[in-house]
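Chemist: So here's query27.cif, just mmCIF, N, CA and C atoms and all ligand atoms:
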```cif
data_my_file
loop_
_atom_site.label_atom_id
_atom_site.label_comp_id
_atom_site.auth_asym_id
_atom_site.auth_seq_id
_atom_site.Cartn_x
_atom_site.Cartn_y
_atom_site.Cartn_z
N MET A 1 -35.27 -63.95 -28.17
CA MET A 1 -35.97 -63.76 -26.90
C MET A 1 -36.95 -62.59 -26.99
N ARG A 2 -38.02 -62.69 -26.22
CA ARG A 2 -38.98 -61.58 -26.13
C ARG A 2 -39.14 -61.22 -24.66
N TYR A 3 -39.66 -60.02 -24.47
CA TYR A 3 -39.67 -59.49 -23.10
C TYR A 3 -41.01 -58.87 -22.76
N CYS A 4 -41.32 -58.91 -21.47
CA CYS A 4 -42.52 -58.22 -20.98
C CYS A 4 -42.09 -56.82 -20.57
N ALA A 5 -42.68 -55.81 -21.21
CA ALA A 5 -42.31 -54.42 -20.91
C ALA A 5 -42.85 -54.00 -19.55
N SER A 6 -43.71 -54.82 -18.98
CA SER A 6 -44.29 -54.47 -17.70
C SER A 6 -43.43 -54.97 -16.54
N CYS A 7 -43.00 -56.25 -16.58
CA CYS A 7 -42.23 -56.77 -15.45
C CYS A 7 -40.79 -57.09 -15.82
N GLY A 8 -40.45 -57.04 -17.11
CA GLY A 8 -39.08 -57.28 -17.53
C GLY A 8 -38.71 -58.74 -17.69
N SER A 9 -39.67 -59.64 -17.55
CA SER A 9 -39.37 -61.07 -17.69
C SER A 9 -38.99 -61.41 -19.13
N GLU A 10 -38.17 -62.45 -19.25
CA GLU A 10 -37.72 -62.91 -20.56
C GLU A 10 -38.53 -64.15 -20.94
N TYR A 11 -38.91 -64.22 -22.22
CA TYR A 11 -39.69 -65.37 -22.69
C TYR A 11 -39.12 -65.91 -23.99
N ARG A 12 -39.46 -67.16 -24.29
CA ARG A 12 -39.11 -67.74 -25.59
C ARG A 12 -39.85 -66.98 -26.69
N ASP A 13 -39.29 -67.05 -27.91
CA ASP A 13 -39.86 -66.32 -29.04
C ASP A 13 -41.30 -66.72 -29.38
N ASP A 14 -41.68 -67.96 -29.03
CA ASP A 14 -43.02 -68.39 -29.41
C ASP A 14 -44.09 -68.02 -28.38
N ILE A 15 -43.67 -67.36 -27.31
CA ILE A 15 -44.66 -66.91 -26.31
C ILE A 15 -45.11 -65.51 -26.68
N GLU A 16 -46.44 -65.28 -26.55
CA GLU A 16 -47.01 -64.01 -27.00
C GLU A 16 -47.26 -63.04 -25.84
N GLN A 17 -47.66 -63.57 -24.68
CA GLN A 17 -48.10 -62.69 -23.60
C GLN A 17 -47.46 -63.07 -22.28
N CYS A 18 -47.33 -62.10 -21.39
CA CYS A 18 -46.76 -62.36 -20.07
C CYS A 18 -47.82 -62.98 -19.16
N SER A 19 -47.42 -64.05 -18.48
CA SER A 19 -48.39 -64.73 -17.62
C SER A 19 -48.38 -64.17 -16.20
N ASP A 20 -47.40 -63.35 -15.85
CA ASP A 20 -47.28 -62.83 -14.49
C ASP A 20 -48.04 -61.53 -14.28
N CYS A 21 -48.25 -60.78 -15.35
CA CYS A 21 -48.76 -59.43 -15.20
C CYS A 21 -50.26 -59.35 -15.39
N PRO A 22 -50.90 -58.45 -14.63
CA PRO A 22 -52.34 -58.25 -14.82
C PRO A 22 -52.61 -57.81 -16.25
N GLY A 23 -53.63 -58.37 -16.86
CA GLY A 23 -53.97 -57.99 -18.23
C GLY A 23 -53.13 -58.71 -19.27
N SER A 24 -52.23 -59.63 -18.85
CA SER A 24 -51.38 -60.39 -19.76
C SER A 24 -50.86 -59.56 -20.93
N PRO A 25 -49.98 -58.58 -20.66
CA PRO A 25 -49.51 -57.71 -21.74
C PRO A 25 -48.75 -58.47 -22.82
N ARG A 26 -48.80 -57.96 -24.05
CA ARG A 26 -48.07 -58.57 -25.17
C ARG A 26 -46.58 -58.36 -24.98
N LEU A 27 -45.81 -59.37 -25.35
CA LEU A 27 -44.35 -59.28 -25.23
C LEU A 27 -43.77 -58.43 -26.35
N VAL A 28 -42.60 -57.84 -26.10
CA VAL A 28 -41.96 -56.97 -27.08
C VAL A 28 -40.53 -57.45 -27.36
N GLU A 29 -39.94 -56.90 -28.41
CA GLU A 29 -38.55 -57.21 -28.76
C GLU A 29 -37.59 -56.44 -27.85
N ALA A 30 -36.34 -56.88 -27.85
CA ALA A 30 -35.32 -56.22 -27.03
C ALA A 30 -35.18 -54.74 -27.39
N SER A 31 -35.32 -54.43 -28.70
CA SER A 31 -35.17 -53.04 -29.14
C SER A 31 -36.24 -52.14 -28.52
N GLU A 32 -37.45 -52.69 -28.38
CA GLU A 32 -38.55 -51.92 -27.78
C GLU A 32 -38.28 -51.67 -26.29
N MET A 33 -37.67 -52.66 -25.63
CA MET A 33 -37.32 -52.50 -24.22
C MET A 33 -36.34 -51.34 -24.04
N SER A 34 -35.31 -51.28 -24.90
CA SER A 34 -34.31 -50.22 -24.74
C SER A 34 -34.91 -48.87 -25.13
N ARG A 35 -35.85 -48.87 -26.11
CA ARG A 35 -36.50 -47.63 -26.48
C ARG A 35 -37.24 -47.02 -25.28
N ARG A 36 -37.83 -47.90 -24.45
CA ARG A 36 -38.58 -47.42 -23.28
C ARG A 36 -37.69 -47.24 -22.05
N GLY A 37 -36.38 -47.45 -22.21
CA GLY A 37 -35.48 -47.25 -21.08
C GLY A 37 -35.56 -48.37 -20.06
N LEU A 38 -36.07 -49.54 -20.48
CA LEU A 38 -36.19 -50.67 -19.55
C LEU A 38 -35.01 -51.62 -19.71
N PRO A 39 -34.51 -52.15 -18.61
CA PRO A 39 -33.36 -53.06 -18.67
C PRO A 39 -33.81 -54.46 -19.07
N LEU A 40 -32.95 -55.17 -19.80
CA LEU A 40 -33.18 -56.59 -20.05
C LEU A 40 -32.73 -57.34 -18.80
N PRO A 41 -33.25 -58.57 -18.61
CA PRO A 41 -32.93 -59.29 -17.36
C PRO A 41 -31.44 -59.33 -17.05
N HIS A 42 -30.57 -59.53 -18.07
CA HIS A 42 -29.15 -59.62 -17.77
C HIS A 42 -28.53 -58.25 -17.51
N GLU A 43 -29.28 -57.17 -17.77
CA GLU A 43 -28.77 -55.82 -17.50
C GLU A 43 -29.23 -55.32 -16.14
N LEU A 44 -30.17 -56.06 -15.54
CA LEU A 44 -30.78 -55.59 -14.30
C LEU A 44 -29.77 -55.41 -13.18
N ASP A 45 -28.74 -56.26 -13.13
CA ASP A 45 -27.76 -56.14 -12.04
C ASP A 45 -26.95 -54.86 -12.16
N GLN A 46 -26.85 -54.32 -13.39
CA GLN A 46 -26.10 -53.08 -13.55
C GLN A 46 -26.97 -51.85 -13.30
N ARG A 47 -28.24 -51.96 -13.62
CA ARG A 47 -29.14 -50.83 -13.40
C ARG A 47 -29.95 -51.10 -12.15
N VAL A 48 -29.90 -50.20 -11.22
CA VAL A 48 -30.58 -50.45 -9.95
C VAL A 48 -32.02 -49.92 -10.03
N PHE A 49 -32.92 -50.85 -9.92
CA PHE A 49 -34.32 -50.48 -9.83
C PHE A 49 -34.77 -50.63 -8.38
N ALA A 50 -35.50 -49.65 -7.89
CA ALA A 50 -35.93 -49.67 -6.49
C ALA A 50 -37.45 -49.65 -6.41
N ARG A 51 -37.95 -50.11 -5.28
CA ARG A 51 -39.39 -50.19 -5.10
C ARG A 51 -39.99 -48.82 -4.81
N ALA A 52 -40.92 -48.38 -5.66
CA ALA A 52 -41.57 -47.09 -5.46
C ALA A 52 -42.93 -47.27 -4.79
N GLY A 53 -43.46 -48.48 -4.83
CA GLY A 53 -44.74 -48.73 -4.20
C GLY A 53 -45.19 -50.16 -4.44
N THR A 54 -46.23 -50.57 -3.74
CA THR A 54 -46.81 -51.89 -3.97
C THR A 54 -48.33 -51.76 -4.00
N THR A 55 -48.97 -52.73 -4.61
CA THR A 55 -50.42 -52.76 -4.58
C THR A 55 -50.89 -54.19 -4.76
N ASP A 56 -52.07 -54.50 -4.23
CA ASP A 56 -52.63 -55.83 -4.47
C ASP A 56 -53.81 -55.73 -5.43
N ASN A 57 -53.95 -54.56 -6.03
CA ASN A 57 -55.07 -54.33 -6.94
C ASN A 57 -54.57 -54.26 -8.38
N PRO A 58 -54.91 -55.28 -9.20
CA PRO A 58 -54.40 -55.30 -10.58
C PRO A 58 -54.78 -54.06 -11.38
N LEU A 59 -55.93 -53.46 -11.05
CA LEU A 59 -56.33 -52.23 -11.76
C LEU A 59 -55.36 -51.10 -11.44
N MET A 60 -54.93 -51.03 -10.17
CA MET A 60 -54.02 -49.96 -9.77
C MET A 60 -52.64 -50.17 -10.40
N VAL A 61 -52.25 -51.42 -10.62
CA VAL A 61 -50.98 -51.68 -11.31
C VAL A 61 -51.00 -50.96 -12.65
N GLU A 62 -52.12 -51.09 -13.37
CA GLU A 62 -52.21 -50.46 -14.68
C GLU A 62 -52.26 -48.94 -14.56
N VAL A 63 -52.98 -48.45 -13.55
CA VAL A 63 -53.06 -46.99 -13.34
C VAL A 63 -51.67 -46.43 -13.05
N PHE A 64 -50.95 -47.09 -12.12
CA PHE A 64 -49.62 -46.61 -11.72
C PHE A 64 -48.62 -46.65 -12.88
N THR A 65 -48.56 -47.78 -13.59
CA THR A 65 -47.58 -47.88 -14.67
C THR A 65 -47.90 -46.88 -15.78
N GLY A 66 -49.18 -46.72 -16.10
CA GLY A 66 -49.57 -45.77 -17.14
C GLY A 66 -49.17 -44.36 -16.75
N MET A 67 -49.44 -44.03 -15.48
CA MET A 67 -49.15 -42.68 -14.97
C MET A 67 -47.64 -42.41 -14.98
N LEU A 68 -46.82 -43.40 -14.59
CA LEU A 68 -45.37 -43.20 -14.56
C LEU A 68 -44.79 -43.15 -15.98
N GLU A 69 -45.31 -43.99 -16.87
CA GLU A 69 -44.81 -43.98 -18.25
C GLU A 69 -45.10 -42.65 -18.91
N GLU A 70 -46.27 -42.07 -18.59
CA GLU A 70 -46.62 -40.76 -19.13
C GLU A 70 -45.56 -39.72 -18.76
N ARG A 71 -44.93 -39.90 -17.62
CA ARG A 71 -43.91 -38.96 -17.16
C ARG A 71 -42.51 -39.44 -17.49
N ASP A 72 -42.42 -40.38 -18.43
CA ASP A 72 -41.13 -40.89 -18.90
C ASP A 72 -40.30 -41.54 -17.80
N ILE A 73 -40.96 -42.15 -16.84
CA ILE A 73 -40.24 -42.91 -15.82
C ILE A 73 -40.34 -44.39 -16.20
N PRO A 74 -39.19 -45.03 -16.50
CA PRO A 74 -39.24 -46.46 -16.81
C PRO A 74 -39.77 -47.21 -15.59
N VAL A 75 -40.70 -48.12 -15.80
CA VAL A 75 -41.29 -48.83 -14.67
C VAL A 75 -41.38 -50.32 -14.94
N LEU A 76 -40.99 -51.09 -13.94
CA LEU A 76 -41.11 -52.54 -14.00
C LEU A 76 -42.06 -52.97 -12.89
N VAL A 77 -42.84 -54.02 -13.17
CA VAL A 77 -43.75 -54.55 -12.16
C VAL A 77 -43.31 -55.96 -11.82
N ARG A 78 -43.07 -56.22 -10.56
CA ARG A 78 -42.68 -57.57 -10.17
C ARG A 78 -43.84 -58.21 -9.41
N ALA A 79 -44.24 -59.36 -9.89
CA ALA A 79 -45.35 -60.06 -9.24
C ALA A 79 -44.83 -60.80 -8.01
N GLY A 80 -45.57 -60.72 -6.93
CA GLY A 80 -45.18 -61.44 -5.73
C GLY A 80 -46.36 -62.19 -5.17
N ARG A 81 -46.13 -62.94 -4.14
CA ARG A 81 -47.22 -63.60 -3.44
C ARG A 81 -47.14 -63.14 -2.00
N SER A 82 -48.26 -62.74 -1.44
CA SER A 82 -48.23 -62.08 -0.14
C SER A 82 -48.00 -63.05 1.01
N GLY A 83 -48.26 -64.31 0.82
CA GLY A 83 -48.18 -65.24 1.93
C GLY A 83 -49.46 -65.26 2.74
N VAL A 84 -50.41 -64.40 2.37
CA VAL A 84 -51.72 -64.43 3.01
C VAL A 84 -52.62 -65.31 2.15
N VAL A 85 -53.09 -66.39 2.73
CA VAL A 85 -53.91 -67.30 1.94
C VAL A 85 -55.35 -66.82 1.93
N ASP A 86 -55.90 -66.75 0.73
CA ASP A 86 -57.28 -66.33 0.55
C ASP A 86 -58.18 -67.54 0.83
N LYS A 87 -58.44 -67.79 2.12
CA LYS A 87 -59.16 -69.01 2.51
C LYS A 87 -60.61 -68.99 2.06
N LEU A 88 -61.20 -67.79 2.06
CA LEU A 88 -62.64 -67.71 1.81
C LEU A 88 -63.01 -68.11 0.39
N THR A 89 -62.19 -67.76 -0.58
CA THR A 89 -62.59 -68.04 -1.95
C THR A 89 -61.81 -69.18 -2.58
N THR A 90 -60.56 -68.96 -2.92
CA THR A 90 -59.86 -69.95 -3.72
C THR A 90 -58.85 -70.79 -2.94
N GLY A 91 -58.42 -70.31 -1.76
CA GLY A 91 -57.38 -71.02 -1.05
C GLY A 91 -56.01 -70.73 -1.63
N ASN A 92 -55.94 -69.89 -2.64
CA ASN A 92 -54.65 -69.52 -3.24
C ASN A 92 -54.00 -68.38 -2.47
N LEU A 93 -52.71 -68.22 -2.67
CA LEU A 93 -52.04 -67.05 -2.12
C LEU A 93 -52.52 -65.84 -2.89
N LEU A 94 -52.76 -64.74 -2.16
CA LEU A 94 -53.20 -63.52 -2.83
C LEU A 94 -52.02 -62.88 -3.55
N PRO A 95 -52.22 -62.47 -4.78
CA PRO A 95 -51.13 -61.83 -5.52
C PRO A 95 -50.97 -60.37 -5.10
N TRP A 96 -49.77 -59.85 -5.26
CA TRP A 96 -49.55 -58.41 -5.12
C TRP A 96 -48.43 -58.06 -6.08
N TRP A 97 -48.26 -56.80 -6.31
CA TRP A 97 -47.28 -56.35 -7.29
C TRP A 97 -46.42 -55.23 -6.72
N GLU A 98 -45.15 -55.33 -7.07
CA GLU A 98 -44.18 -54.35 -6.65
C GLU A 98 -43.93 -53.43 -7.85
N ILE A 99 -43.98 -52.13 -7.63
CA ILE A 99 -43.72 -51.17 -8.70
C ILE A 99 -42.26 -50.73 -8.58
N LEU A 100 -41.44 -51.08 -9.57
CA LEU A 100 -40.02 -50.75 -9.52
C LEU A 100 -39.68 -49.66 -10.54
N VAL A 101 -38.83 -48.72 -10.12
CA VAL A 101 -38.37 -47.66 -11.01
C VAL A 101 -36.86 -47.48 -10.79
N PRO A 102 -36.17 -46.80 -11.72
CA PRO A 102 -34.75 -46.55 -11.51
C PRO A 102 -34.52 -45.83 -10.18
N GLU A 103 -33.51 -46.29 -9.45
CA GLU A 103 -33.20 -45.76 -8.12
C GLU A 103 -33.29 -44.24 -8.04
N GLU A 104 -32.69 -43.56 -9.05
CA GLU A 104 -32.62 -42.10 -8.97
C GLU A 104 -34.00 -41.44 -9.16
N MET A 105 -35.00 -42.20 -9.61
CA MET A 105 -36.34 -41.63 -9.80
C MET A 105 -37.30 -42.13 -8.74
N ARG A 106 -36.79 -42.91 -7.77
CA ARG A 106 -37.66 -43.58 -6.82
C ARG A 106 -38.52 -42.59 -6.02
N GLU A 107 -37.85 -41.53 -5.50
CA GLU A 107 -38.57 -40.59 -4.65
C GLU A 107 -39.72 -39.93 -5.39
N ARG A 108 -39.42 -39.50 -6.62
CA ARG A 108 -40.43 -38.82 -7.42
C ARG A 108 -41.58 -39.79 -7.73
N ALA A 109 -41.22 -41.02 -8.10
CA ALA A 109 -42.23 -42.00 -8.46
C ALA A 109 -43.09 -42.35 -7.26
N ALA A 110 -42.46 -42.49 -6.08
CA ALA A 110 -43.21 -42.84 -4.87
C ALA A 110 -44.24 -41.76 -4.54
N LEU A 111 -43.83 -40.49 -4.71
CA LEU A 111 -44.75 -39.38 -4.47
C LEU A 111 -45.93 -39.43 -5.44
N LEU A 112 -45.61 -39.65 -6.71
CA LEU A 112 -46.65 -39.71 -7.73
C LEU A 112 -47.63 -40.84 -7.43
N ILE A 113 -47.09 -41.99 -7.00
CA ILE A 113 -47.94 -43.14 -6.69
C ILE A 113 -48.85 -42.82 -5.51
N GLU A 114 -48.28 -42.20 -4.46
CA GLU A 114 -49.09 -41.85 -3.29
C GLU A 114 -50.21 -40.89 -3.67
N ARG A 115 -49.86 -39.89 -4.52
CA ARG A 115 -50.85 -38.91 -4.93
C ARG A 115 -51.98 -39.60 -5.71
N GLU A 116 -51.57 -40.50 -6.62
CA GLU A 116 -52.55 -41.22 -7.44
C GLU A 116 -53.45 -42.08 -6.55
N ARG A 117 -52.83 -42.73 -5.54
CA ARG A 117 -53.57 -43.59 -4.63
C ARG A 117 -54.59 -42.78 -3.83
N ALA A 118 -54.15 -41.60 -3.36
CA ALA A 118 -55.04 -40.73 -2.58
C ALA A 118 -56.21 -40.27 -3.43
N GLN A 119 -55.89 -39.93 -4.68
CA GLN A 119 -56.92 -39.47 -5.60
C GLN A 119 -57.96 -40.57 -5.83
N GLU A 120 -57.45 -41.78 -6.03
CA GLU A 120 -58.29 -42.94 -6.27
C GLU A 120 -59.20 -43.18 -5.06
N ALA A 121 -58.62 -43.07 -3.86
CA ALA A 121 -59.38 -43.28 -2.63
C ALA A 121 -60.47 -42.23 -2.50
N ALA A 122 -60.12 -40.98 -2.85
CA ALA A 122 -61.09 -39.88 -2.76
C ALA A 122 -62.26 -40.14 -3.70
N THR A 123 -61.94 -40.61 -4.91
CA THR A 123 -62.99 -40.90 -5.88
C THR A 123 -63.91 -41.99 -5.34
N THR A 124 -63.32 -43.00 -4.72
CA THR A 124 -64.11 -44.09 -4.16
C THR A 124 -65.00 -43.57 -3.04
N ASP A 125 -64.40 -42.74 -2.13
CA ASP A 125 -65.18 -42.15 -1.04
C ASP A 125 -66.37 -41.37 -1.57
N GLU A 126 -66.11 -40.59 -2.61
CA GLU A 126 -67.16 -39.78 -3.19
C GLU A 126 -68.29 -40.65 -3.72
N ALA A 127 -67.90 -41.75 -4.38
CA ALA A 127 -68.89 -42.67 -4.94
C ALA A 127 -69.72 -43.26 -3.81
N VAL A 128 -69.03 -43.61 -2.70
CA VAL A 128 -69.75 -44.19 -1.56
C VAL A 128 -70.72 -43.16 -0.97
N ARG A 129 -70.21 -41.91 -0.81
CA ARG A 129 -71.08 -40.84 -0.26
C ARG A 129 -72.29 -40.62 -1.15
N ALA A 130 -72.07 -40.61 -2.46
CA ALA A 130 -73.16 -40.38 -3.41
C ALA A 130 -74.19 -41.49 -3.28
N ALA A 131 -73.70 -42.72 -3.13
CA ALA A 131 -74.61 -43.85 -3.02
C ALA A 131 -75.43 -43.76 -1.73
N GLU A 132 -74.75 -43.34 -0.63
CA GLU A 132 -75.44 -43.21 0.65
C GLU A 132 -76.49 -42.10 0.57
N GLU A 133 -76.09 -41.01 -0.09
CA GLU A 133 -77.00 -39.87 -0.26
C GLU A 133 -78.27 -40.35 -0.96
N GLU A 134 -78.08 -41.12 -2.01
CA GLU A 134 -79.18 -41.62 -2.81
C GLU A 134 -80.07 -42.52 -1.95
N GLU A 135 -79.41 -43.33 -1.12
CA GLU A 135 -80.14 -44.24 -0.25
C GLU A 135 -81.05 -43.46 0.69
N ARG A 136 -80.47 -42.37 1.29
CA ARG A 136 -81.27 -41.55 2.21
C ARG A 136 -82.47 -40.95 1.48
N GLU A 137 -82.23 -40.48 0.26
CA GLU A 137 -83.31 -39.91 -0.54
C GLU A 137 -84.43 -40.93 -0.68
N THR A 138 -84.03 -42.17 -1.01
CA THR A 138 -85.01 -43.23 -1.23
C THR A 138 -85.76 -43.52 0.05
N GLU A 139 -85.02 -43.55 1.18
CA GLU A 139 -85.65 -43.84 2.46
C GLU A 139 -86.71 -42.79 2.79
N ARG A 140 -86.34 -41.52 2.53
CA ARG A 140 -87.23 -40.43 2.88
C ARG A 140 -88.55 -40.54 2.12
N SER A 141 -88.48 -40.96 0.85
CA SER A 141 -89.67 -40.95 0.03
C SER A 141 -90.52 -42.22 0.22
N SER A 142 -89.92 -43.26 0.82
CA SER A 142 -90.70 -44.48 1.00
C SER A 142 -91.28 -44.50 2.42
N PRO A 143 -92.33 -45.24 2.63
CA PRO A 143 -92.94 -45.30 3.97
C PRO A 143 -91.98 -45.91 4.98
N PRO A 144 -92.06 -45.50 6.25
CA PRO A 144 -91.15 -46.05 7.26
C PRO A 144 -91.34 -47.56 7.38
N PRO A 145 -90.25 -48.26 7.73
CA PRO A 145 -90.38 -49.72 7.87
C PRO A 145 -91.24 -50.06 9.06
N PRO A 146 -91.95 -51.16 9.02
CA PRO A 146 -92.82 -51.54 10.16
C PRO A 146 -91.98 -51.73 11.42
N ALA A 147 -92.53 -51.26 12.55
CA ALA A 147 -91.80 -51.43 13.82
C ALA A 147 -92.17 -52.77 14.45
N PHE A 148 -91.19 -53.41 15.03
CA PHE A 148 -91.47 -54.70 15.69
C PHE A 148 -91.36 -54.53 17.19
ZN ZN A 201 -44.87 -59.32 -17.17
#
```
Would you kindly transcribe this structure into structure tokens?
Modeler:
Amino acid sequence: MRYCASCGSEYRDDIEQCSDCPGSPRLVEASEMSRRGLPLPHELDQRVFARAGTTDNPLMVEVFTGMLEERDIPVLVRAGRSGVVDKLTTGNLLPWWEILVPEEMRERAALLIERERAQEAATTDEAVRAAEEEERETERSSPPPPAF
């Protein structure tokens, strides 16, 4: 059996990548799972993993897991479906992901995720402000639009 180090799913030996996770991560052996402190599916009932956060942004899934792994917090990502149908584009259910960590690390992980999320939002705000600033600059230098 092979395993996804991101969501903990079990796969047949001939499968190479996880189909549930953003970025389709490569599957690993059981030994690699235990090296990273991640439970195998049949061990999950003994080890309690709790939800530290959720996101519907696949990029943030990678940011969060990378950030938690850097701090030696084992992290599993569970793919879910929100039940909100994306009518405008595909008609499919919108995906979202649950970030799971060991129960005893949940509080710390949740704080880290919130901090990361706030930082990300600030960066986006800054980018928006910069773009608006640039727009105003452009407006100032170009002739006023014709009045109707
Ligand atoms: Zn996976």
Chemist: Residues at most 5 Å from ligand ZN 201 (chain A), using only N, CA and C atoms and all ligand atoms? Could they come as a VMD selection string?
Modeler: chain A and resid 4 6 to 8 18 20 to 21
Chemist: Those same residues - N, CA and C atoms - I'd like them written as an mmCIF file, in the frame of the given file.
Modeler:
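result-v5.cif, freshly written:
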```cif
data_model
loop_
_atom_site.group_PDB
_atom_site.id
_atom_site.type_symbol
_atom_site.label_atom_id
_atom_site.label_comp_id
_atom_site.auth_asym_id
_atom_site.auth_seq_id
_atom_site.Cartn_x
_atom_site.Cartn_y
_atom_site.Cartn_z
ATOM 1 N N CYS A 4 -41.320 -58.910 -21.470
ATOM 2 C CA CYS A 4 -42.520 -58.220 -20.980
ATOM 3 C C CYS A 4 -42.090 -56.820 -20.570
ATOM 4 N N SER A 6 -43.710 -54.820 -18.980
ATOM 5 C CA SER A 6 -44.290 -54.470 -17.700
ATOM 6 C C SER A 6 -43.430 -54.970 -16.540
ATOM 7 N N CYS A 7 -43.000 -56.250 -16.580
ATOM 8 C CA CYS A 7 -42.230 -56.770 -15.450
ATOM 9 C C CYS A 7 -40.790 -57.090 -15.820
ATOM 10 N N GLY A 8 -40.450 -57.040 -17.110
ATOM 11 C CA GLY A 8 -39.080 -57.280 -17.530
ATOM 12 C C GLY A 8 -38.710 -58.740 -17.690
ATOM 13 N N CYS A 18 -47.330 -62.100 -21.390
ATOM 14 C CA CYS A 18 -46.760 -62.360 -20.070
ATOM 15 C C CYS A 18 -47.820 -62.980 -19.160
ATOM 16 N N ASP A 20 -47.400 -63.350 -15.850
ATOM 17 C CA ASP A 20 -47.280 -62.830 -14.490
ATOM 18 C C ASP A 20 -48.040 -61.530 -14.280
ATOM 19 N N CYS A 21 -48.250 -60.780 -15.350
ATOM 20 C CA CYS A 21 -48.760 -59.430 -15.200
ATOM 21 C C CYS A 21 -50.260 -59.350 -15.390
#
```
Chemist: Taking the backbone alone, and naming residues the way the document does, which bits of chain A are helix (DSSP H, G or I) by DSSP, as JSON, numbers by chain?
Modeler: {"A": [30, 31, 32, 33, 34, 35, 41, 42, 43, 58, 59, 60, 61, 62, 63, 64, 65, 66, 67, 68, 69, 70, 103, 104, 105, 106, 107, 108, 109, 110, 111, 112, 113, 114, 115, 116, 117, 118, 119, 120, 121, 122, 123, 124, 125, 126, 127, 128, 129, 130, 131, 132, 133, 134, 135, 136, 137, 138, 139, 140, 141]}
Chemist: In terms of the shortest atom-to-atom distance over only C-alpha atoms, which of A:Met105, A:Pro22, A:Ala130, A:Ser31 is closest to Leu68 in chain A?
Modeler: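 Checking each of A:Met105, A:Pro22, A:Ala130, A:Ser31 against Leu68 in chain A, counting only C-alpha atoms, the winner is A:Met105.
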Chemist: Skip Pro41 in chain A itself and residues of its chain fewer than 6 positions away, then list as a list in words all residues within 12 Å of it, counting only C-alpha atoms.
Modeler: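 Listing them by chain and then by number gives Met1, Arg2, Tyr3, Cys4, Ala5, Cys7, Gly8, Ser9, Glu10, Tyr11, Ala30, Met33, Ser34, Arg47, Val48, Phe49 and Leu76 of chain A.
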Chemist: Residues within 9 Å of Thr65 in chain A, please, as a ChimeraX atom specification. Count only C-alpha atoms; anything in the same chain fewer than 3 positions from it doesn't count.
Modeler: /A:6,60-62,68-70,73-77,99
Chemist: Which distance in Å separates atom C of Arg71 in chain A and atom C of Val28 in chain A, to one decimal?
Modeler: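 So the answer is 20.6 Å.
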Chemist: Work out how far apart atom C of Gly80 in chain A and atom C of Val101 in chain A are and give it in Å to one decimal.
Modeler: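 If I compute the distance from atom C of Gly80 in chain A to atom C of Val101 in chain A, I get 18.4 Å.
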Chemist: My list of candidates is A:Pro95, A:Glu133, A:Glu16, A:Val63. Which is closest to Glu116 in chain A when distances are computed with all atoms listed in the file?
Modeler: A:Val63
Chemist: List as a PyMOL selection string the protein and nucleic acid residues near Arg51 in chain A, meaning an atom at most 9 Å away when only C-alpha atoms are counted, but skip any in the same chain fewer than 5 places from it.
Modeler: chain A and resi 98-103+106+110
Chemist: Taking N, CA and C atoms for each residue, export the selection above as a compact mmCIF listing (two decimals), in the coordinates of the input.
Modeler:
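File produced: part-v6.txt:
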```txt
# COMPACT_ATOMS: atom_id res chain seq x y z
N GLU A 98 -45.15 -55.33 -7.07
CA GLU A 98 -44.18 -54.35 -6.65
C GLU A 98 -43.93 -53.43 -7.85
N ILE A 99 -43.98 -52.13 -7.63
CA ILE A 99 -43.72 -51.17 -8.70
C ILE A 99 -42.26 -50.73 -8.58
N LEU A 100 -41.44 -51.08 -9.57
CA LEU A 100 -40.02 -50.75 -9.52
C LEU A 100 -39.68 -49.66 -10.54
N VAL A 101 -38.83 -48.72 -10.12
CA VAL A 101 -38.37 -47.66 -11.01
C VAL A 101 -36.86 -47.48 -10.79
N PRO A 102 -36.17 -46.80 -11.72
CA PRO A 102 -34.75 -46.55 -11.51
C PRO A 102 -34.52 -45.83 -10.18
N GLU A 103 -33.51 -46.29 -9.45
CA GLU A 103 -33.20 -45.76 -8.12
C GLU A 103 -33.29 -44.24 -8.04
N ARG A 106 -36.79 -42.91 -7.77
CA ARG A 106 -37.66 -43.58 -6.82
C ARG A 106 -38.52 -42.59 -6.02
N ALA A 110 -42.46 -42.49 -6.08
CA ALA A 110 -43.21 -42.84 -4.87
C ALA A 110 -44.24 -41.76 -4.54
```
Chemist: So which bits of chain A end up strand (DSSP E) when you DSSP the backbone, as number ranges by chain?
Modeler: A: 2-3, 10-11, 49-55, 76-85, 93-102
Chemist: So what do you get for CA of Thr55 in chain A versus CA of Arg117 in chain A, distance-wise?
Modeler: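 Between CA of Thr55 in chain A and CA of Arg117 in chain A the gap works out to 9.7 Å.
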Chemist: From the list A:Glu114, A:Glu29, A:Glu104, A:Asp45, which residue is nearest Met67 in chain A when using only C-alpha atoms?
Modeler: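 Ranking A:Glu114, A:Glu29, A:Glu104, A:Asp45 by distance to Met67 in chain A, first place goes to A:Glu114.
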Chemist: Around all the atoms of range 119-136 of chain A listed in the file, draw an axis-aligned box and extend it by 4 Å on each of the six sides; I want its centre and edge lengths in Å to one decimal, as AutoDock Vina command-line options.
Modeler:
```
--center_x -69.2 --center_y -41.9 --center_z -2.0 --size_x 34.6 --size_y 12.8 --size_z 16.5
```
